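Just structure_4.cif here, mmCIF, C-alpha atoms:
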data_model
loop_
_atom_site.group_PDB
_atom_site.id
_atom_site.type_symbol
_atom_site.label_atom_id
_atom_site.label_comp_id
_atom_site.auth_asym_id
_atom_site.auth_seq_id
_atom_site.Cartn_x
_atom_site.Cartn_y
_atom_site.Cartn_z
ATOM 1 C CA MET A 1 9.471 -6.976 29.497
ATOM 2 C CA LYS A 2 6.557 -7.896 27.327
ATOM 3 C CA LEU A 3 3.893 -5.176 27.555
ATOM 4 C CA ALA A 4 0.359 -6.116 26.519
ATOM 5 C CA THR A 5 -3.091 -4.605 26.283
ATOM 6 C CA PHE A 6 -5.856 -7.033 27.196
ATOM 7 C CA THR A 7 -9.568 -7.283 27.887
ATOM 8 C CA HIS A 8 -11.030 -9.241 30.798
ATOM 9 C CA ASP A 9 -14.573 -9.128 32.164
ATOM 10 C CA GLY A 10 -15.432 -6.272 29.827
ATOM 11 C CA MET A 11 -12.543 -4.084 31.006
ATOM 12 C CA THR A 12 -9.502 -3.196 28.877
ATOM 13 C CA ARG A 13 -6.234 -2.879 30.784
ATOM 14 C CA ILE A 14 -2.483 -2.958 30.230
ATOM 15 C CA GLY A 15 -0.107 -5.463 31.779
ATOM 16 C CA VAL A 16 3.215 -7.299 31.797
ATOM 17 C CA VAL A 17 3.305 -10.798 30.308
ATOM 18 C CA ARG A 18 5.201 -13.222 32.513
ATOM 19 C CA GLU A 19 5.325 -16.732 31.060
ATOM 20 C CA ASP A 20 1.682 -17.813 30.695
ATOM 21 C CA HIS A 21 0.191 -15.004 32.818
ATOM 22 C CA VAL A 22 -0.342 -11.283 32.511
ATOM 23 C CA VAL A 23 0.023 -8.988 35.527
ATOM 24 C CA ALA A 24 -2.019 -5.785 35.364
ATOM 25 C CA ILE A 25 -0.229 -2.437 35.531
ATOM 26 C CA GLU A 26 -2.201 -0.006 37.659
ATOM 27 C CA GLY A 27 -2.503 3.749 37.266
ATOM 28 C CA TYR A 28 -2.456 4.313 33.490
ATOM 29 C CA ALA A 29 -5.302 4.874 31.061
ATOM 30 C CA ASP A 30 -3.665 2.859 28.280
ATOM 31 C CA MET A 31 -0.276 1.878 26.850
ATOM 32 C CA ARG A 32 0.312 5.269 25.281
ATOM 33 C CA ASP A 33 -0.247 6.862 28.686
ATOM 34 C CA LEU A 34 2.364 4.547 30.197
ATOM 35 C CA PHE A 35 4.978 5.606 27.625
ATOM 36 C CA ALA A 36 4.032 9.253 28.135
ATOM 37 C CA HIS A 37 5.233 8.874 31.732
ATOM 38 C CA GLY A 38 8.726 8.040 30.478
ATOM 39 C CA ASP A 39 11.161 5.916 32.470
ATOM 40 C CA ALA A 40 8.932 6.178 35.535
ATOM 41 C CA GLY A 41 6.139 4.425 33.643
ATOM 42 C CA LEU A 42 8.424 1.626 32.472
ATOM 43 C CA GLU A 43 9.891 1.212 35.956
ATOM 44 C CA ARG A 44 6.387 0.930 37.392
ATOM 45 C CA ALA A 45 5.537 -1.642 34.731
ATOM 46 C CA ALA A 46 8.611 -3.708 35.627
ATOM 47 C CA GLY A 47 7.423 -3.863 39.223
ATOM 48 C CA ALA A 48 3.766 -4.452 38.388
ATOM 49 C CA SER A 49 1.880 -6.273 41.127
ATOM 50 C CA GLY A 50 -1.739 -5.851 40.072
ATOM 51 C CA PRO A 51 -4.195 -8.663 39.438
ATOM 52 C CA GLU A 52 -2.570 -11.684 37.775
ATOM 53 C CA LEU A 53 -4.534 -13.515 35.084
ATOM 54 C CA ALA A 54 -3.823 -16.501 32.881
ATOM 55 C CA LEU A 55 -3.224 -15.493 29.258
ATOM 56 C CA SER A 56 -5.805 -18.094 28.293
ATOM 57 C CA ALA A 57 -8.404 -16.171 30.318
ATOM 58 C CA VAL A 58 -7.906 -12.793 28.619
ATOM 59 C CA THR A 59 -8.293 -11.388 25.112
ATOM 60 C CA LEU A 60 -5.165 -9.706 23.810
ATOM 61 C CA GLU A 61 -5.804 -6.443 21.988
ATOM 62 C CA ALA A 62 -3.438 -4.433 19.793
ATOM 63 C CA PRO A 63 -0.736 -3.518 22.319
ATOM 64 C CA ILE A 64 -0.908 0.198 21.536
ATOM 65 C CA VAL A 65 -2.866 2.647 19.380
ATOM 66 C CA PRO A 66 -0.443 5.472 18.583
ATOM 67 C CA ARG A 67 -1.076 9.096 17.765
ATOM 68 C CA LYS A 68 1.032 8.662 14.636
ATOM 69 C CA PHE A 69 1.946 5.531 12.676
ATOM 70 C CA PHE A 70 4.988 6.220 10.460
ATOM 71 C CA HIS A 71 4.903 3.740 7.611
ATOM 72 C CA THR A 72 8.148 2.771 5.836
ATOM 73 C CA SER A 73 8.435 1.067 2.454
ATOM 74 C CA GLY A 74 11.468 0.013 0.444
ATOM 75 C CA ASN A 75 13.811 -0.567 3.390
ATOM 76 C CA PHE A 76 14.471 -4.229 2.532
ATOM 77 C CA ARG A 77 15.931 -4.048 -0.966
ATOM 78 C CA GLU A 78 15.148 -7.756 -1.497
ATOM 79 C CA HIS A 79 11.511 -6.620 -1.768
ATOM 80 C CA GLU A 80 12.459 -4.271 -4.606
ATOM 81 C CA GLU A 81 14.428 -7.039 -6.349
ATOM 82 C CA GLU A 82 11.491 -9.447 -6.273
ATOM 83 C CA SER A 83 9.231 -6.756 -7.732
ATOM 84 C CA LYS A 84 11.470 -6.573 -10.810
ATOM 85 C CA ARG A 85 10.990 -10.260 -11.532
ATOM 86 C CA VAL A 86 7.320 -9.668 -12.282
ATOM 87 C CA ASN A 87 7.686 -6.209 -13.822
ATOM 88 C CA TRP A 88 5.742 -4.516 -11.035
ATOM 89 C CA SER A 89 4.171 -1.317 -12.288
ATOM 90 C CA HIS A 90 6.382 1.068 -10.258
ATOM 91 C CA GLU A 91 9.803 1.219 -8.646
ATOM 92 C CA ILE A 92 9.925 0.538 -4.915
ATOM 93 C CA ALA A 93 12.312 3.314 -4.004
ATOM 94 C CA PRO A 94 14.054 3.531 -0.609
ATOM 95 C CA TRP A 95 12.812 5.986 2.021
ATOM 96 C CA ILE A 96 9.136 5.823 1.071
ATOM 97 C CA ILE A 97 7.101 7.126 4.017
ATOM 98 C CA PHE A 98 3.424 7.758 4.618
ATOM 99 C CA PHE A 99 1.091 7.737 7.606
ATOM 100 C CA GLN A 100 -1.002 4.674 8.319
ATOM 101 C CA ASN A 101 -4.679 4.902 9.293
ATOM 102 C CA ILE A 102 -4.649 4.067 13.007
ATOM 103 C CA ASP A 103 -8.352 3.158 12.894
ATOM 104 C CA ALA A 104 -7.382 0.171 10.724
ATOM 105 C CA ILE A 105 -5.414 -1.405 13.594
ATOM 106 C CA VAL A 106 -6.599 -4.779 14.912
ATOM 107 C CA GLY A 107 -5.037 -7.006 17.541
ATOM 108 C CA PRO A 108 -3.911 -10.632 17.667
ATOM 109 C CA ASP A 109 -6.519 -13.218 16.599
ATOM 110 C CA GLN A 110 -8.853 -10.455 15.432
ATOM 111 C CA PRO A 111 -10.091 -10.909 11.859
ATOM 112 C CA ILE A 112 -8.911 -9.226 8.707
ATOM 113 C CA VAL A 113 -12.110 -8.517 6.802
ATOM 114 C CA TYR A 114 -11.835 -9.253 3.078
ATOM 115 C CA PRO A 115 -13.607 -6.373 1.244
ATOM 116 C CA ASP A 116 -14.294 -8.217 -2.008
ATOM 117 C CA HIS A 117 -16.240 -5.225 -3.315
ATOM 118 C CA LEU A 118 -12.959 -3.261 -3.257
ATOM 119 C CA THR A 119 -10.235 -5.769 -4.149
ATOM 120 C CA SER A 120 -9.501 -9.217 -5.511
ATOM 121 C CA GLU A 121 -5.760 -9.082 -4.750
ATOM 122 C CA LEU A 122 -5.370 -9.071 -0.971
ATOM 123 C CA ASP A 123 -1.750 -9.480 0.116
ATOM 124 C CA TYR A 124 0.304 -9.826 3.315
ATOM 125 C CA GLU A 125 3.514 -8.024 4.379
ATOM 126 C CA LEU A 126 5.442 -9.001 7.507
ATOM 127 C CA GLU A 127 7.169 -6.072 9.250
ATOM 128 C CA LEU A 128 9.020 -5.199 12.438
ATOM 129 C CA CYS A 129 7.738 -2.083 14.228
ATOM 130 C CA VAL A 130 9.515 0.235 16.643
ATOM 131 C CA VAL A 131 7.543 1.900 19.444
ATOM 132 C CA ILE A 132 8.789 5.384 20.278
ATOM 133 C CA LYS A 133 9.489 5.875 23.969
ATOM 134 C CA LYS A 134 9.222 9.656 24.321
ATOM 135 C CA SER A 135 8.406 12.831 22.446
ATOM 136 C CA GLY A 136 11.126 14.578 20.489
ATOM 137 C CA LYS A 137 12.258 15.966 17.155
ATOM 138 C CA HIS A 138 15.368 16.892 15.162
ATOM 139 C CA PHE A 139 17.865 14.425 16.609
ATOM 140 C CA SER A 140 20.734 12.355 15.207
ATOM 141 C CA ALA A 141 21.140 8.597 14.765
ATOM 142 C CA ASP A 142 23.528 8.640 17.747
ATOM 143 C CA GLU A 143 20.654 9.867 19.925
ATOM 144 C CA ALA A 144 17.967 7.592 18.470
ATOM 145 C CA ALA A 145 18.471 4.661 20.856
ATOM 146 C CA ASP A 146 17.140 6.858 23.676
ATOM 147 C CA TYR A 147 13.807 7.049 21.830
ATOM 148 C CA ILE A 148 13.221 3.301 21.421
ATOM 149 C CA GLY A 149 10.624 1.999 23.860
ATOM 150 C CA GLY A 150 10.111 -1.433 22.347
ATOM 151 C CA TYR A 151 9.298 -3.587 19.347
ATOM 152 C CA THR A 152 6.224 -5.332 17.997
ATOM 153 C CA ILE A 153 4.989 -7.150 14.864
ATOM 154 C CA PHE A 154 2.950 -5.627 12.058
ATOM 155 C CA ASN A 155 1.185 -7.267 9.103
ATOM 156 C CA ASP A 156 0.828 -4.608 6.406
ATOM 157 C CA ILE A 157 -2.220 -5.944 4.557
ATOM 158 C CA THR A 158 -2.304 -4.502 1.030
ATOM 159 C CA ALA A 159 -4.807 -4.528 -1.837
ATOM 160 C CA ARG A 160 -2.420 -4.792 -4.785
ATOM 161 C CA ASP A 161 -4.950 -3.873 -7.486
ATOM 162 C CA ILE A 162 -5.826 -0.665 -5.632
ATOM 163 C CA GLN A 163 -2.134 0.007 -5.028
ATOM 164 C CA ARG A 164 -1.285 -0.157 -8.748
ATOM 165 C CA GLU A 165 -3.960 2.428 -9.500
ATOM 166 C CA GLU A 166 -2.858 4.714 -6.681
ATOM 167 C CA MET A 167 0.788 4.524 -7.698
ATOM 168 C CA ARG A 168 -0.026 6.002 -11.095
ATOM 169 C CA SER A 169 0.118 9.341 -9.281
ATOM 170 C CA GLY A 170 3.193 8.324 -7.282
ATOM 171 C CA VAL A 171 1.459 7.831 -3.919
ATOM 172 C CA PHE A 172 -0.455 5.093 -2.149
ATOM 173 C CA SER A 173 -2.432 4.913 1.067
ATOM 174 C CA PHE A 174 -5.996 3.666 0.537
ATOM 175 C CA CYS A 175 -4.688 0.227 -0.482
ATOM 176 C CA LYS A 176 -3.154 -0.271 2.974
ATOM 177 C CA SER A 177 -5.562 1.675 5.169
ATOM 178 C CA VAL A 178 -8.910 -0.084 4.824
ATOM 179 C CA ASP A 179 -10.575 -1.131 8.087
ATOM 180 C CA SER A 180 -8.786 -4.173 9.684
ATOM 181 C CA PHE A 181 -5.770 -3.932 7.332
ATOM 182 C CA SER A 182 -3.272 -3.246 10.172
ATOM 183 C CA PRO A 183 -2.838 -6.242 12.501
ATOM 184 C CA LEU A 184 -0.427 -5.357 15.327
ATOM 185 C CA GLY A 185 0.928 -7.352 18.267
ATOM 186 C CA PRO A 186 0.870 -9.606 20.131
ATOM 187 C CA TRP A 187 2.711 -7.358 22.623
ATOM 188 C CA ILE A 188 5.584 -4.878 22.869
ATOM 189 C CA VAL A 189 8.989 -6.273 23.821
ATOM 190 C CA THR A 190 11.289 -3.744 25.513
ATOM 191 C CA PRO A 191 14.892 -3.306 24.285
ATOM 192 C CA ASP A 192 16.460 -4.867 27.385
ATOM 193 C CA GLU A 193 14.663 -8.151 26.682
ATOM 194 C CA LEU A 194 14.927 -8.172 22.881
ATOM 195 C CA GLY A 195 18.665 -7.613 22.485
ATOM 196 C CA ASP A 196 20.035 -6.760 19.021
ATOM 197 C CA PRO A 197 17.113 -5.725 16.761
ATOM 198 C CA HIS A 198 19.342 -6.065 13.687
ATOM 199 C CA ASP A 199 19.562 -9.859 13.943
ATOM 200 C CA LEU A 200 16.015 -11.195 14.192
ATOM 201 C CA ASP A 201 14.659 -14.003 12.041
ATOM 202 C CA MET A 202 11.353 -13.125 10.368
ATOM 203 C CA ARG A 203 8.778 -15.586 9.015
ATOM 204 C CA LEU A 204 5.227 -15.352 7.697
ATOM 205 C CA ARG A 205 3.038 -18.405 7.134
ATOM 206 C CA VAL A 206 -0.390 -18.762 5.537
ATOM 207 C CA ASN A 207 -2.256 -21.899 6.609
ATOM 208 C CA GLY A 208 1.069 -23.261 7.862
ATOM 209 C CA GLU A 209 2.870 -22.691 4.547
ATOM 210 C CA LEU A 210 5.999 -20.539 4.756
ATOM 211 C CA ARG A 211 5.595 -17.492 2.489
ATOM 212 C CA GLN A 212 8.123 -14.933 3.780
ATOM 213 C CA GLU A 213 11.461 -15.589 5.472
ATOM 214 C CA SER A 214 14.301 -13.159 6.132
ATOM 215 C CA ASN A 215 16.306 -11.446 8.877
ATOM 216 C CA THR A 216 16.365 -7.850 10.080
ATOM 217 C CA HIS A 217 20.077 -7.577 9.238
ATOM 218 C CA ARG A 218 18.943 -7.253 5.599
ATOM 219 C CA MET A 219 17.488 -3.792 6.177
ATOM 220 C CA SER A 220 19.275 -1.222 4.049
ATOM 221 C CA VAL A 221 19.603 1.262 6.933
ATOM 222 C CA THR A 222 19.911 0.784 10.681
ATOM 223 C CA LEU A 223 16.989 1.472 12.987
ATOM 224 C CA PRO A 224 18.727 4.496 14.582
ATOM 225 C CA GLU A 225 19.220 5.970 11.081
ATOM 226 C CA LEU A 226 15.575 5.352 10.220
ATOM 227 C CA ILE A 227 14.278 6.847 13.475
ATOM 228 C CA ALA A 228 16.510 9.911 13.161
ATOM 229 C CA HIS A 229 15.511 10.391 9.511
ATOM 230 C CA TYR A 230 11.837 10.796 10.495
ATOM 231 C CA SER A 231 12.533 12.932 13.565
ATOM 232 C CA PRO A 232 11.932 16.282 11.778
ATOM 233 C CA LEU A 233 8.253 15.234 11.657
ATOM 234 C CA GLY A 234 8.128 15.097 15.458
ATOM 235 C CA TYR A 235 7.404 12.136 17.705
ATOM 236 C CA SER A 236 4.953 11.643 20.547
ATOM 237 C CA ALA A 237 5.428 8.957 23.175
ATOM 238 C CA GLY A 238 3.914 5.727 21.880
ATOM 239 C CA ASP A 239 4.198 6.535 18.172
ATOM 240 C CA ILE A 240 5.031 3.600 15.880
ATOM 241 C CA ILE A 241 7.456 3.226 12.976
ATOM 242 C CA SER A 242 7.175 0.279 10.605
ATOM 243 C CA THR A 243 10.432 -0.802 8.969
ATOM 244 C CA GLY A 244 9.353 -2.318 5.641
ATOM 245 C CA THR A 245 8.558 -5.815 4.460
ATOM 246 C CA VAL A 246 10.768 -8.616 3.148
ATOM 247 C CA SER A 247 10.595 -10.711 -0.011
ATOM 248 C CA GLY A 248 7.925 -13.373 -0.522
ATOM 249 C CA VAL A 249 4.742 -11.325 -0.905
ATOM 250 C CA ALA A 250 2.010 -12.830 -3.067
ATOM 251 C CA GLY A 251 1.784 -9.936 -5.505
ATOM 252 C CA PHE A 252 5.395 -10.285 -6.668
ATOM 253 C CA ARG A 253 5.135 -13.967 -7.568
ATOM 254 C CA PRO A 254 4.605 -15.013 -11.185
ATOM 255 C CA ASP A 255 1.607 -17.070 -10.021
ATOM 256 C CA ALA A 256 0.276 -14.373 -7.687
ATOM 257 C CA GLU A 257 -3.368 -15.408 -8.097
ATOM 258 C CA ASP A 258 -2.603 -18.675 -6.300
ATOM 259 C CA TYR A 259 -1.138 -16.853 -3.304
ATOM 260 C CA TYR A 260 -3.435 -13.904 -2.637
ATOM 261 C CA LEU A 261 -5.339 -14.125 0.635
ATOM 262 C CA LYS A 262 -8.909 -15.393 0.774
ATOM 263 C CA PRO A 263 -11.548 -15.891 3.476
ATOM 264 C CA GLY A 264 -10.700 -18.873 5.639
ATOM 265 C CA ASP A 265 -6.935 -18.261 5.581
ATOM 266 C CA MET A 266 -4.930 -18.020 8.794
ATOM 267 C CA ILE A 267 -1.849 -15.783 8.760
ATOM 268 C CA GLU A 268 0.986 -16.199 11.268
ATOM 269 C CA CYS A 269 3.628 -13.476 11.490
ATOM 270 C CA GLU A 270 6.651 -14.459 13.561
ATOM 271 C CA ILE A 271 9.673 -12.419 14.579
ATOM 272 C CA GLU A 272 12.368 -13.961 16.725
ATOM 273 C CA ARG A 273 12.348 -12.922 20.403
ATOM 274 C CA ILE A 274 9.028 -11.114 19.967
ATOM 275 C CA GLY A 275 6.479 -13.830 19.269
ATOM 276 C CA VAL A 276 3.740 -14.733 16.807
ATOM 277 C CA LEU A 277 0.907 -12.526 15.556
ATOM 278 C CA ARG A 278 -2.001 -14.609 14.216
ATOM 279 C CA ASN A 279 -5.012 -13.289 12.311
ATOM 280 C CA PRO A 280 -7.745 -15.064 10.346
ATOM 281 C CA VAL A 281 -9.168 -13.703 7.102
ATOM 282 C CA ILE A 282 -12.968 -13.615 6.976
ATOM 283 C CA SER A 283 -15.495 -12.543 4.367
ATOM 284 C CA TRP A 284 -17.442 -9.296 4.450
ATOM 285 C CA GLU A 285 -20.721 -11.137 5.003
ATOM 286 C CA GLN A 286 -19.207 -13.190 7.818
ATOM 287 C CA ALA A 287 -18.095 -9.971 9.508
ATOM 288 C CA TYR A 288 -21.232 -7.896 8.990
ATOM 289 C CA GLY A 289 -24.008 -10.359 8.201
ATOM 290 C CA LYS A 290 -24.987 -8.606 4.981
ATOM 291 C CA PRO A 291 -23.632 -8.041 1.455
ATOM 292 C CA ALA A 292 -20.983 -5.408 0.913
ATOM 293 C CA PRO A 293 -22.244 -1.955 -0.133
ATOM 294 C CA ALA A 294 -22.172 -0.969 -3.768
ATOM 295 C CA MET A 295 -19.197 1.247 -4.566
ATOM 296 C CA ALA A 296 -19.012 4.141 -6.959
ATOM 297 C CA PRO A 297 -17.022 3.323 -10.123
#

As structure tokens, what does this structure read like?
Amino acid sequence: MKLATFTHDGMTRIGVVREDHVVAIEGYADMRDLFAHGDAGLERAAGASGPELALSAVTLEAPIVPRKFFHTSGNFREHEEESKRVNWSHEIAPWIIFFQNIDAIVGPDQPIVYPDHLTSELDYELELCVVIKKSGKHFSADEAADYIGGYTIFNDITARDIQREEMRSGVFSFCKSVDSFSPLGPWIVTPDELGDPHDLDMRLRVNGELRQESNTHRMSVTLPELIAHYSPLGYSAGDIISTGTVSGVAGFRPDAEDYYLKPGDMIECEIERIGVLRNPVISWEQAYGKPAPAMAP
């Protein structure tokens, strides 16, 4: 199944995408509520028979807003290798984890707002995300498959200049958590439809130009190992885990200035058997109709 959150006639609902239509799922407040009902919720979704609407007639939203967004860095070691070619300021060690700001989440086709009063080095990072199916904690990799509810696409927008400053103290968060820096979608694909998550082609394009290309088999650890590793922190149904980006980011190119994002750009994040997540980049004034606020030094 492909599970989506959508808006139609001023009402936000959840549904199942079937070809070029979405069928509403009745009885749940939102996607997190559906996952909180466990297998019964997913079974009800599979048999959804609510109002059917053309995808062209609805606005897709971020498929889910989790309670917790577990953010992984350093899982694709190719990303670490490319950082060495430009003498990036800090090592990208494996098993980096932090929590993403869920208020920064935007859905497909929604704009990424370029805060030029904060950064001049706005970058993209294509990632696969796992949606957690049920609550739980302290379990092994052998048990992890029972906690996977589906998969979606994430674009981890990053202000590299802010990140370098943050990493002087060994942590970073602000650089990735600014409003609109977390595009997510276009929907959640359940495990039965996706197949093997460790063999998915991944591509990111900016204005049609291929920037990132890899495959999920290049992750340094398996998804069950990753999910189990974070389980001591405790999961709620509908939580999200990102799995790290691949090589090809702008900031790790020798000519990075030519590749950083700018207003007017269109980003397309594609993962095989999931779909394409598209988001435009717009200026602060275009978004808010006024100049950006002055920031403290």

Applying the PyMOL selection byres ((chain A and resi 137-140) around 9) to the file I just gave you, which residues come out? Please list them as a ChimeraX atom specification. /A:135-136,141-144,224-225,227-235

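Here atom CA of Met266 of chain A stands at a distance of 29.2 Å from atom CA of Gly195 of chain A.
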
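Checking A:Ile282, A:Ile97, A:Val249, A:Val189 one by one against Arg211 of chain A, counting all atoms listed in the file, you find the shortest gap at A:Val249.
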
Please identify all polymer residues within 12 Å of Arg218 of chain A, counting all atoms listed in the file, omitting same-chain residues fewer than 2 positions from it, and present them as a PyMOL selection string. chain A and resi 74-79+197-202+213-216+220-223+243-247

The selected residues should be written to file as a PDB file, in the frame of the given file (atoms: C-alpha atoms).
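result-v8.pdb, freshly written:
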ATOM      1  CA  GLY A  74      11.468   0.013   0.444  1.00  0.00           C
ATOM      2  CA  ASN A  75      13.811  -0.567   3.390  1.00  0.00           C
ATOM      3  CA  PHE A  76      14.471  -4.229   2.532  1.00  0.00           C
ATOM      4  CA  ARG A  77      15.931  -4.048  -0.966  1.00  0.00           C
ATOM      5  CA  GLU A  78      15.148  -7.756  -1.497  1.00  0.00           C
ATOM      6  CA  HIS A  79      11.511  -6.620  -1.768  1.00  0.00           C
ATOM      7  CA  PRO A 197      17.113  -5.725  16.761  1.00  0.00           C
ATOM      8  CA  HIS A 198      19.342  -6.065  13.687  1.00  0.00           C
ATOM      9  CA  ASP A 199      19.562  -9.859  13.943  1.00  0.00           C
ATOM     10  CA  LEU A 200      16.015 -11.195  14.192  1.00  0.00           C
ATOM     11  CA  ASP A 201      14.659 -14.003  12.041  1.00  0.00           C
ATOM     12  CA  MET A 202      11.353 -13.125  10.368  1.00  0.00           C
ATOM     13  CA  GLU A 213      11.461 -15.589   5.472  1.00  0.00           C
ATOM     14  CA  SER A 214      14.301 -13.159   6.132  1.00  0.00           C
ATOM     15  CA  ASN A 215      16.306 -11.446   8.877  1.00  0.00           C
ATOM     16  CA  THR A 216      16.365  -7.850  10.080  1.00  0.00           C
ATOM     17  CA  SER A 220      19.275  -1.222   4.049  1.00  0.00           C
ATOM     18  CA  VAL A 221      19.603   1.262   6.933  1.00  0.00           C
ATOM     19  CA  THR A 222      19.911   0.784  10.681  1.00  0.00           C
ATOM     20  CA  LEU A 223      16.989   1.472  12.987  1.00  0.00           C
ATOM     21  CA  THR A 243      10.432  -0.802   8.969  1.00  0.00           C
ATOM     22  CA  GLY A 244       9.353  -2.318   5.641  1.00  0.00           C
ATOM     23  CA  THR A 245       8.558  -5.815   4.460  1.00  0.00           C
ATOM     24  CA  VAL A 246      10.768  -8.616   3.148  1.00  0.00           C
ATOM     25  CA  SER A 247      10.595 -10.711  -0.011  1.00  0.00           C
TER      26      SER A 247
END

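Of the listed residues A:Ala40, A:Leu53, A:Val113, A:Leu126, the one whose atoms come nearest to Val22 of chain A is A:Leu53, with distances taken using all atoms listed in the file.
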
Quick one: of A:Asp123, A:Glu166, A:Asp192, A:Asp239, who's nearest to Ala46 of chain A, counting only C-alpha atoms? A:Asp192

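Near Gly15 of chain A, within a cut-off of 8 Å and counting all atoms listed in the file, sit the residues A:Leu3, A:Ala4, A:Thr5, A:Phe6, A:Val22, A:Val23, A:Ala24, A:Ile25, A:Ala45, A:Ala48, with same-chain residues fewer than 5 positions away left out.
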
Have a look at atom CA of Asp258 of chain A and atom CA of Pro183 of chain A and let me know their distance in Å, one decimal. 22.5 Å

Exercise: Ser182 of chain A partners within 7 Å, only C-alpha atoms, chain neighbours under 5 positions left out, as a compact mmCIF listing (two decimals) with C-alpha atoms, in the frame of the given file:
# COMPACT_ATOMS: atom_id res chain seq x y z
CA ALA A 104 -7.38 0.17 10.72
CA ILE A 105 -5.41 -1.40 13.59
CA VAL A 106 -6.60 -4.78 14.91
CA PHE A 154 2.95 -5.63 12.06
CA ASN A 155 1.18 -7.27 9.10
CA ASP A 156 0.83 -4.61 6.41
CA ILE A 157 -2.22 -5.94 4.56

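Selection check: the PyMOL selection byres ((chain A and resi 204) around 7) on the shown file gives Leu126, Arg203, Arg205, Val206, Leu210, Arg211, Gln212, Glu213, Glu268, Cys269 and Glu270 of chain A.
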
Around all the atoms of segment 142-146 of chain A listed in the file, with 3 Å of room on each side, what axis-aligned box do you get, giving centre and edge lengths in Å to one decimal, as AutoDock Vina command-line options?
--center_x 20.3 --center_y 7.3 --center_z 20.7 --size_x 12.4 --size_y 11.2 --size_z 11.9

Which residues, named as in the file, does the PyMOL selection byres ((chain A and resi 185) around 8) pick out? Answer as JSON, numbers by chain. {"A": [61, 62, 63, 107, 108, 152, 153, 154, 183, 184, 186, 187, 188, 277]}

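Each of A:Pro291, A:Gly150, A:Gly238, A:Pro263 was compared to Phe70 of chain A using all atoms listed in the file, and A:Gly238 turns out to be the nearest.
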
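With atom CA of Tyr28 of chain A on one side and atom CA of Gly41 of chain A on the other, the separation reads 8.6 Å.
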